[in-house]
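*Asks:* Structure file entry-v9.tsv (TSV, C-alpha atoms) is given on the next line.
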chain	number	residue	atom	x	y	z
A	55	MET	CA	-166.63	13.63	-29.43
A	56	PRO	CA	-169.27	15.52	-27.43
A	57	ILE	CA	-171.39	18.00	-29.33
A	58	PRO	CA	-169.62	21.35	-28.78
A	59	CYS	CA	-171.74	24.15	-27.42
A	60	GLN	CA	-171.73	27.29	-29.55
A	61	LYS	CA	-169.39	28.98	-27.09
A	62	SER	CA	-166.69	26.31	-27.43
A	63	GLU	CA	-167.00	25.39	-31.11
A	64	GLU	CA	-164.50	28.00	-32.30
A	65	ILE	CA	-161.93	27.10	-29.64
A	66	LEU	CA	-162.25	23.37	-30.31
A	67	SER	CA	-161.65	24.04	-34.00
A	68	ARG	CA	-158.14	25.30	-33.13
A	69	PHE	CA	-156.99	21.76	-32.31
A	70	PRO	CA	-154.76	20.01	-33.03
A	71	LYS	CA	-152.26	22.83	-32.84
A	72	ALA	CA	-148.82	23.00	-34.43
A	73	ARG	CA	-145.89	23.79	-32.20
A	74	PRO	CA	-143.90	26.74	-33.60
A	75	ARG	CA	-140.41	26.13	-34.92
A	76	LEU	CA	-137.73	26.56	-32.28
A	77	PRO	CA	-134.74	28.61	-33.51
A	78	GLU	CA	-131.37	26.87	-33.47
A	79	ALA	CA	-130.03	28.90	-30.54
A	80	TYR	CA	-132.96	27.72	-28.40
A	81	LYS	CA	-132.60	24.09	-29.50
A	82	LYS	CA	-129.05	24.06	-28.14
A	83	ILE	CA	-130.11	25.02	-24.62
A	84	HIS	CA	-133.68	23.67	-24.52
A	85	LYS	CA	-132.96	20.30	-22.90
A	86	GLU	CA	-130.53	21.79	-20.38
A	87	TYR	CA	-132.94	24.55	-19.36
A	88	TYR	CA	-135.91	22.19	-19.19
A	89	ILE	CA	-134.10	19.99	-16.66
A	90	LEU	CA	-132.95	23.04	-14.66
A	91	ASN	CA	-136.48	24.39	-14.67
A	92	ARG	CA	-138.15	21.15	-13.59
A	93	ASN	CA	-135.65	20.66	-10.78
A	94	GLY	CA	-135.79	24.27	-9.57
A	95	MET	CA	-132.04	24.72	-10.03
A	96	THR	CA	-132.03	28.49	-10.66
A	97	VAL	CA	-133.17	31.30	-8.36
A	98	ALA	CA	-136.24	32.08	-10.47
A	99	THR	CA	-137.27	28.46	-11.00
A	100	SER	CA	-136.72	27.70	-7.32
A	101	LEU	CA	-139.08	30.55	-6.36
A	102	SER	CA	-141.51	29.37	-9.01
A	103	GLN	CA	-141.52	25.86	-7.55
A	104	LYS	CA	-142.33	27.24	-4.11
A	105	MET	CA	-145.37	28.97	-5.60
A	106	GLU	CA	-146.25	25.84	-7.54
A	107	ALA	CA	-146.69	24.00	-4.24
A	108	TRP	CA	-150.24	25.40	-4.35
A	109	LEU	CA	-150.86	23.43	-7.55
A	110	HIS	CA	-149.63	20.18	-6.01
A	111	PHE	CA	-151.68	20.67	-2.84
A	112	GLN	CA	-154.84	21.29	-4.85
A	113	VAL	CA	-154.40	18.17	-6.97
A	114	ALA	CA	-153.81	15.97	-3.91
A	115	GLN	CA	-156.56	17.50	-1.79
A	116	ASP	CA	-159.10	14.78	-2.60
A	117	VAL	CA	-156.88	12.04	-1.14
A	118	SER	CA	-154.72	13.88	1.42
A	119	ASN	CA	-157.11	13.20	4.32
A	120	SER	CA	-158.65	10.02	2.99
A	121	LYS	CA	-157.81	6.42	3.76
A	122	LYS	CA	-159.60	5.21	0.66
A	123	TRP	CA	-157.66	2.97	-1.74
A	124	VAL	CA	-157.57	4.74	-5.13
A	125	ALA	CA	-155.95	4.11	-8.49
A	126	THR	CA	-154.22	7.20	-9.91
A	127	LEU	CA	-152.77	8.07	-13.30
A	128	GLU	CA	-150.63	11.22	-13.50
A	129	LEU	CA	-150.12	12.90	-16.87
A	130	GLY	CA	-146.72	14.52	-17.46
A	131	ALA	CA	-145.25	13.41	-14.15
A	132	GLY	CA	-141.86	15.07	-14.77
A	133	THR	CA	-139.53	14.62	-11.80
A	134	LEU	CA	-142.28	12.75	-9.85
A	135	ASN	CA	-142.53	15.69	-7.42
A	136	GLN	CA	-146.31	15.31	-7.13
A	137	LEU	CA	-145.64	12.14	-5.11
A	138	ASP	CA	-144.38	14.35	-2.26
A	139	TYR	CA	-148.01	15.40	-1.78
A	140	GLU	CA	-149.74	12.09	-2.45
A	141	PRO	CA	-150.39	9.42	0.22
A	142	SER	CA	-149.17	5.90	-0.56
A	143	ARG	CA	-152.59	4.34	-0.97
A	144	GLY	CA	-153.37	2.55	-4.19
A	145	PRO	CA	-151.57	2.00	-7.51
A	146	TYR	CA	-149.91	5.04	-9.04
A	147	ASP	CA	-149.13	5.06	-12.77
A	148	VAL	CA	-147.53	7.92	-14.70
A	149	VAL	CA	-147.21	9.20	-18.25
A	150	GLU	CA	-143.90	10.95	-18.91
A	151	PRO	CA	-142.08	10.85	-22.27
A	152	PHE	CA	-138.91	12.51	-20.93
A	153	GLN	CA	-137.30	9.69	-18.92
A	154	GLU	CA	-134.29	11.82	-18.00
A	155	LEU	CA	-136.47	13.88	-15.65
A	156	TYR	CA	-137.17	10.98	-13.28
A	157	LYS	CA	-134.39	8.45	-13.95
A	158	ASN	CA	-132.49	9.38	-10.76
A	159	SER	CA	-135.56	9.92	-8.58
A	160	ASP	CA	-135.85	7.96	-5.35
A	161	LYS	CA	-139.63	8.05	-5.83
A	162	LYS	CA	-139.58	5.62	-8.77
A	163	THR	CA	-140.34	2.70	-6.46
A	164	ARG	CA	-143.76	4.22	-5.72
A	165	VAL	CA	-144.76	4.10	-9.38
A	166	ARG	CA	-146.42	0.92	-10.61
A	167	LYS	CA	-146.17	1.60	-14.32
A	168	PHE	CA	-144.40	4.17	-16.51
A	169	TYR	CA	-145.83	5.15	-19.92
A	170	LYS	CA	-144.31	7.39	-22.57
A	171	SER	CA	-147.72	8.17	-24.04
A	172	LEU	CA	-151.28	8.14	-22.75
A	173	PHE	CA	-152.25	6.16	-25.83
A	174	GLU	CA	-150.05	3.22	-24.78
A	175	ILE	CA	-152.66	2.40	-22.13
A	176	LYS	CA	-155.05	-0.14	-23.62
A	177	LYS	CA	-156.86	-1.27	-20.50
A	178	GLY	CA	-157.30	-0.36	-16.87
A	179	LYS	CA	-159.50	2.13	-15.10
A	180	TYR	CA	-158.54	4.91	-12.70
A	181	ASP	CA	-160.34	6.64	-9.86
A	182	ARG	CA	-158.48	9.84	-10.67
A	183	ILE	CA	-156.36	11.19	-13.50
A	184	THR	CA	-154.20	14.15	-12.53
A	185	SER	CA	-151.80	16.67	-14.02
A	186	VAL	CA	-149.76	19.62	-12.80
A	187	ALA	CA	-148.72	22.30	-15.32
A	188	VAL	CA	-149.23	20.00	-18.30
A	189	LEU	CA	-152.41	20.89	-20.22
A	190	GLU	CA	-150.97	24.18	-21.47
A	191	HIS	CA	-148.29	22.24	-23.37
A	192	LEU	CA	-150.53	19.85	-25.34
A	193	THR	CA	-151.03	20.17	-29.09
A	194	ASN	CA	-153.97	17.76	-28.99
A	195	LEU	CA	-155.74	18.73	-25.76
A	196	PRO	CA	-159.28	17.54	-26.69
A	197	GLN	CA	-157.90	14.15	-27.79
A	198	ILE	CA	-156.07	13.79	-24.47
A	199	ILE	CA	-159.26	14.61	-22.55
A	200	GLU	CA	-161.27	12.09	-24.59
A	201	LYS	CA	-158.73	9.33	-23.94
A	202	SER	CA	-158.59	10.23	-20.24
A	203	ILE	CA	-162.37	9.95	-19.98
A	204	LYS	CA	-162.20	6.42	-21.41
A	205	LEU	CA	-159.71	5.49	-18.68
A	206	LEU	CA	-161.77	6.93	-15.79
A	207	LYS	CA	-164.01	4.80	-13.61
A	208	PRO	CA	-167.72	5.82	-13.68
A	209	ASN	CA	-167.34	8.07	-10.62
A	210	GLY	CA	-163.76	9.07	-11.38
A	211	SER	CA	-162.37	12.60	-11.50
A	212	PHE	CA	-160.00	14.49	-13.77
A	213	ARG	CA	-157.90	16.91	-11.70
A	214	ALA	CA	-155.69	19.47	-13.41
A	215	ALA	CA	-153.63	22.39	-12.11
A	216	ILE	CA	-152.40	24.95	-14.64
A	217	PRO	CA	-150.59	28.29	-14.89
A	218	ASN	CA	-152.95	31.16	-15.70
A	219	GLU	CA	-151.47	31.53	-19.17
A	220	GLY	CA	-152.86	34.42	-21.21
A	221	THR	CA	-153.63	36.72	-18.26
A	222	ILE	CA	-151.87	39.79	-16.87
A	223	PHE	CA	-150.93	38.15	-13.55
A	224	TRP	CA	-149.23	35.25	-15.32
A	225	TRP	CA	-147.37	37.68	-17.60
A	226	ILE	CA	-146.14	39.61	-14.55
A	227	GLY	CA	-145.08	36.36	-12.90
A	228	THR	CA	-142.90	35.40	-15.87
A	229	GLN	CA	-140.89	38.62	-15.90
A	230	PHE	CA	-138.35	37.58	-13.23
A	231	THR	CA	-137.82	34.23	-14.93
A	232	GLY	CA	-137.48	36.02	-18.23
A	233	PHE	CA	-134.83	38.39	-16.85
A	234	GLU	CA	-132.83	35.47	-15.43
A	235	PHE	CA	-133.15	33.49	-18.67
A	236	ALA	CA	-132.00	36.45	-20.80
A	237	LYS	CA	-129.04	37.07	-18.49
A	238	LYS	CA	-127.93	33.42	-18.65
A	239	TYR	CA	-128.51	32.69	-22.34
A	240	GLY	CA	-128.89	36.08	-24.04
A	241	LEU	CA	-132.23	34.95	-25.47
A	242	SER	CA	-135.87	35.95	-25.13
A	243	TYR	CA	-137.85	33.88	-22.63
A	244	LYS	CA	-141.06	34.92	-24.40
A	245	LYS	CA	-140.08	32.94	-27.50
A	246	LEU	CA	-139.42	29.84	-25.40
A	247	LEU	CA	-142.81	30.19	-23.69
A	248	GLN	CA	-144.50	30.52	-27.07
A	249	TYR	CA	-142.93	27.19	-28.00
A	250	GLU	CA	-143.86	25.48	-24.73
A	251	HIS	CA	-147.23	27.01	-23.79
A	252	LEU	CA	-149.63	26.43	-26.65
A	253	ASN	CA	-152.91	26.75	-24.74
A	254	THR	CA	-154.21	29.62	-22.66
A	255	ALA	CA	-156.04	29.08	-19.38
A	256	HIS	CA	-159.25	30.24	-21.07
A	257	GLU	CA	-158.91	27.66	-23.85
A	258	ILE	CA	-158.31	24.91	-21.29
A	259	ASP	CA	-161.34	26.08	-19.30
A	260	VAL	CA	-163.58	25.90	-22.38
A	261	VAL	CA	-162.32	22.44	-23.40
A	262	LEU	CA	-162.84	20.99	-19.92
A	263	ASN	CA	-166.34	22.44	-19.68
A	264	ASN	CA	-167.15	20.97	-23.07
A	265	TYR	CA	-166.24	17.45	-21.93
A	266	PHE	CA	-167.48	17.43	-18.31
A	267	GLU	CA	-170.82	18.34	-16.74
A	268	GLU	CA	-169.27	19.18	-13.38
A	269	VAL	CA	-166.25	21.48	-13.52
A	270	ALA	CA	-165.14	23.23	-10.33
A	271	CYS	CA	-162.41	25.86	-10.64
A	272	SER	CA	-160.36	27.44	-7.85
A	273	TYR	CA	-157.49	29.89	-8.26
A	274	LEU	CA	-154.51	31.45	-6.53
A	275	GLY	CA	-155.45	35.12	-6.76
A	276	PHE	CA	-158.57	37.29	-6.85
A	277	SER	CA	-160.49	35.81	-9.78
A	278	LYS	CA	-159.99	33.58	-12.80
A	279	LYS	CA	-158.49	36.47	-14.74
A	280	LEU	CA	-156.52	37.94	-11.83
A	281	ALA	CA	-154.64	34.89	-10.58
A	282	PHE	CA	-151.31	33.14	-11.01
A	283	TYR	CA	-152.68	29.61	-11.14
A	284	ARG	CA	-155.93	27.70	-11.59
A	285	PHE	CA	-157.08	24.28	-10.46
A	286	TYR	CA	-159.88	22.23	-12.04
A	287	SER	CA	-161.76	19.26	-10.61
A	288	CYS	CA	-163.85	17.65	-13.34
A	289	LYS	CA	-166.50	14.94	-12.98
A	290	LYS	CA	-169.38	13.41	-14.93
A	291	PRO	CA	-168.19	13.27	-18.55
A	292	ARG	CA	-170.78	14.44	-21.03
A	293	ASP	CA	-172.45	11.85	-23.27
A	294	PHE	CA	-170.55	10.95	-26.42
A	295	LEU	CA	-172.13	10.71	-29.87
Take the structure I supplied and represent it as structure tokens, if you would.
*Replies:*
Amino acid sequence: MPIPCQKSEEILSRFPKARPRLPEAYKKIHKEYYILNRNGMTVATSLSQKMEAWLHFQVAQDVSNSKKWVATLELGAGTLNQLDYEPSRGPYDVVEPFQELYKNSDKKTRVRKFYKSLFEIKKGKYDRITSVAVLEHLTNLPQIIEKSIKLLKPNGSFRAAIPNEGTIFWWIGTQFTGFEFAKKYGLSYKKLLQYEHLNTAHEIDVVLNNYFEEVACSYLGFSKKLAFYRFYSCKKPRDFL
């Protein structure tokens, strides 16, 4: 593990995190809502997906106008919707433990290899490792970044788009979804988010900067703190001990 700078030492010490217990009422609807959410099958989630297009565009920007042959690994590929933004040039592997999200997708033929866990991958190198709205969910974020670095080619990049969790804009953005969720299920959306979103945008920022020398951040909004989403392009992993 890289030597943590003083600024990041306290945040790194928070990992691995424990996911809070999900009350029984939430367990009953969790799978159903997760599929509805990922497929944009409610008014709020449909609007959210339209906004999330910014995340997908940012992740694919490095290859959208390039004819270069690249090997890509996507973390948490979900319904495979990132493939709508990616050109068909080079092998495309994905990590997604929830097979039900993509089992009926017509994009499956574009995927070379499916993995349930990043740690199943024993060999192979990638030009780019990507994720869209995934890092905020991970209990073991530093471990995932370390493993990703080992799978990157020397000049490879780690590209991650995330919600701006932990900021006022993101809180405002969740209110409509929360109202719809409460109306449908009679439950608090906040409690579900606390179960799903373990890492704030600030924590993710610190972890990425601890592992990479070059970290470029862009955002949908006015600043890092006043934005709905962030995108990170990370290169040049720091030296390991």
*Asks:* Quick one, how far is atom CA of Val269 of chain A from atom CA of Ala215 of chain A?
*Replies:*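 Atom CA of Val269 of chain A sits 12.7 Å away from atom CA of Ala215 of chain A.
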*Asks:* My list of candidates is A:Pro141, A:Pro77, A:Lys170, A:Ile222. Which is closest to Gln153 of chain A when distances are computed with only C-alpha atoms?
*Replies:*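 Checking each of A:Pro141, A:Pro77, A:Lys170, A:Ile222 against Gln153 of chain A, counting only C-alpha atoms, the winner is A:Lys170.
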*Asks:* Using all atoms listed in the file, collect all residues at a distance of at most 9 Å from (-147.2, 4.4, -18.0) as written in the file, then present them as a VMD selection string.
*Replies:* chain A and resid 127 to 128 147 to 150 165 to 172 174 to 175
*Asks:* Store the residues of this selection in a file with C-alpha atoms, as a PDB file, in the coordinates of the input.
*Replies:*
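Dumped to again.pdb:
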ATOM      1  CA  LEU A 127    -152.770   8.070 -13.300  1.00  0.00           C
ATOM      2  CA  GLU A 128    -150.630  11.220 -13.500  1.00  0.00           C
ATOM      3  CA  ASP A 147    -149.130   5.060 -12.770  1.00  0.00           C
ATOM      4  CA  VAL A 148    -147.530   7.920 -14.700  1.00  0.00           C
ATOM      5  CA  VAL A 149    -147.210   9.200 -18.250  1.00  0.00           C
ATOM      6  CA  GLU A 150    -143.900  10.950 -18.910  1.00  0.00           C
ATOM      7  CA  VAL A 165    -144.760   4.100  -9.380  1.00  0.00           C
ATOM      8  CA  ARG A 166    -146.420   0.920 -10.610  1.00  0.00           C
ATOM      9  CA  LYS A 167    -146.170   1.600 -14.320  1.00  0.00           C
ATOM     10  CA  PHE A 168    -144.400   4.170 -16.510  1.00  0.00           C
ATOM     11  CA  TYR A 169    -145.830   5.150 -19.920  1.00  0.00           C
ATOM     12  CA  LYS A 170    -144.310   7.390 -22.570  1.00  0.00           C
ATOM     13  CA  SER A 171    -147.720   8.170 -24.040  1.00  0.00           C
ATOM     14  CA  LEU A 172    -151.280   8.140 -22.750  1.00  0.00           C
ATOM     15  CA  GLU A 174    -150.050   3.220 -24.780  1.00  0.00           C
ATOM     16  CA  ILE A 175    -152.660   2.400 -22.130  1.00  0.00           C
TER      17      ILE A 175
END
*Asks:* One number please: atom CA of Lys85 of chain A to atom CA of Trp225 of chain A, in Å, one decimal.
*Replies:*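 Value for the atom CA of Lys85 of chain A-atom CA of Trp225 of chain A distance: 23.2 Å.
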*Asks:* Quick one: of A:Leu137, A:Lys290, A:Arg284, A:Asp259, who's nearest to Asn209 of chain A, counting all atoms listed in the file?
*Replies:* A:Lys290
*Asks:* What gap, in Å, lies between atom CA of Ser185 of chain A and atom CA of Asp293 of chain A?
*Replies:*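 Between atom CA of Ser185 of chain A and atom CA of Asp293 of chain A the gap works out to 23.1 Å.
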*Asks:* Out of A:Ala270, A:Cys288, A:Val261, A:Leu247, which residue has the shortest atom-to-atom distance to Ser62 of chain A when counting all atoms listed in the file?
*Replies:*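 That would be A:Val261, the residue with the smallest distance to Ser62 of chain A.
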*Asks:* Please build the interface table for segment 130-245 of chain A against segment 272-281 of chain A with a cut-off of 10 Å, listing for each qualifying residue the nearest atom pair and the distance in Å to one decimal; count all atoms listed in the file, order rows by chain and increasing number, and write it as a tab-separated table.
*Replies:*
residue	atom	partner	partner_atom	distance
A:Ala215	CA	A:Tyr273	CA	9.3
A:Ile216	CA	A:Tyr273	CA	9.5
A:Pro217	CA	A:Ala281	CA	8.9
A:Asn218	CA	A:Ala281	CA	6.6
A:Glu219	CA	A:Lys279	CA	9.7
A:Gly220	CA	A:Lys279	CA	8.8
A:Thr221	CA	A:Lys279	CA	6.0
A:Ile222	CA	A:Leu280	CA	7.1
A:Phe223	CA	A:Ala281	CA	5.8
A:Trp224	CA	A:Ala281	CA	7.2
A:Gly227	CA	A:Ala281	CA	9.9
*Asks:* Box in all listed atoms of segment 124-132 of chain A, axis-aligned, with 5 Å more on each side; write out centre and edge lengths in Å to one decimal as AutoDock Vina command-line options.
*Replies:*
--center_x -149.7 --center_y 9.6 --center_z -11.3 --size_x 25.7 --size_y 21.0 --size_z 22.3
*Asks:* I'd like to know which of A:Leu134, A:Pro145, A:Tyr243, A:Gly178 is closest to Asp160 of chain A, using all atoms listed in the file.
*Replies:*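 So, comparing all the options, the nearest one is A:Leu134.
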*Asks:* Which one is closest to Lys204 of chain A: A:Glu190, A:Asp181, A:Glu250, A:Glu267? Count only C-alpha atoms.
*Replies:*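 The shortest atom-to-atom distance to Lys204 of chain A comes from A:Asp181.
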*Asks:* Point out the residue among A:Leu262, A:Thr133, A:Asp138, A:Gly144 with the least atom-to-atom distance to Ser159 of chain A, counting all atoms listed in the file.
*Replies:*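 Nearest to Ser159 of chain A: A:Thr133.
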*Asks:* Would you kindly return, as JSON, numbers by chain, each protein, DNA or RNA residue with an atom no farther than 6 Å from any atom of Lys289 of chain A, considering all atoms listed in the file and excluding same-chain residues fewer than 2 positions away?
*Replies:* {"A": [211, 266, 268]}
*Asks:* If we count all atoms listed in the file and set the cut-off at 6 Å, which residues sit around Tyr286 of chain A, ignoring sequence neighbours fewer than 2 positions away in its own chain? Please answer as a PDB file with C-alpha atoms, keeping the file's coordinate frame.
*Replies:*
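Result saved to result-v3.pdb:
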ATOM      1  CA  ARG A 213    -157.900  16.910 -11.700  1.00  0.00           C
ATOM      2  CA  ALA A 214    -155.690  19.470 -13.410  1.00  0.00           C
ATOM      3  CA  ALA A 270    -165.140  23.230 -10.330  1.00  0.00           C
ATOM      4  CA  CYS A 271    -162.410  25.860 -10.640  1.00  0.00           C
TER       5      CYS A 271
END
*Asks:* Please tell me which residues are no farther than 10 Å from (-148.9, 25.3, -7.6) in the file, counting all atoms listed in the file, and write them as a ChimeraX atom specification.
*Replies:* /A:102-113,186-187,215-217,273-274,282-285
*Asks:* For Arg92 of chain A, please output as a ChimeraX atom specification all residues within 8 Å (counting all atoms listed in the file; exclusion window: fewer than 4 positions along the same chain).
*Replies:* /A:88,99,132-133,155
*Asks:* Within 9 Å of Asn194 of chain A, counting all atoms listed in the file, which residues show up once you throw out same-chain ones fewer than 2 positions away? Write them as a list in words, please.
*Replies:*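 These residues fall inside the cut-off: Phe69, Pro70, Lys71, Leu192, Pro196, Gln197, Ile198 and Ile199 of chain A.
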*Asks:* For the residues in that selection, give me C-alpha atoms as an mmCIF file, keeping the file's coordinate frame.
*Replies:*
data_model
loop_
_atom_site.group_PDB
_atom_site.id
_atom_site.type_symbol
_atom_site.label_atom_id
_atom_site.label_comp_id
_atom_site.auth_asym_id
_atom_site.auth_seq_id
_atom_site.Cartn_x
_atom_site.Cartn_y
_atom_site.Cartn_z
ATOM 1 C CA PHE A 69 -156.990 21.760 -32.310
ATOM 2 C CA PRO A 70 -154.760 20.010 -33.030
ATOM 3 C CA LYS A 71 -152.260 22.830 -32.840
ATOM 4 C CA LEU A 192 -150.530 19.850 -25.340
ATOM 5 C CA PRO A 196 -159.280 17.540 -26.690
ATOM 6 C CA GLN A 197 -157.900 14.150 -27.790
ATOM 7 C CA ILE A 198 -156.070 13.790 -24.470
ATOM 8 C CA ILE A 199 -159.260 14.610 -22.550
#
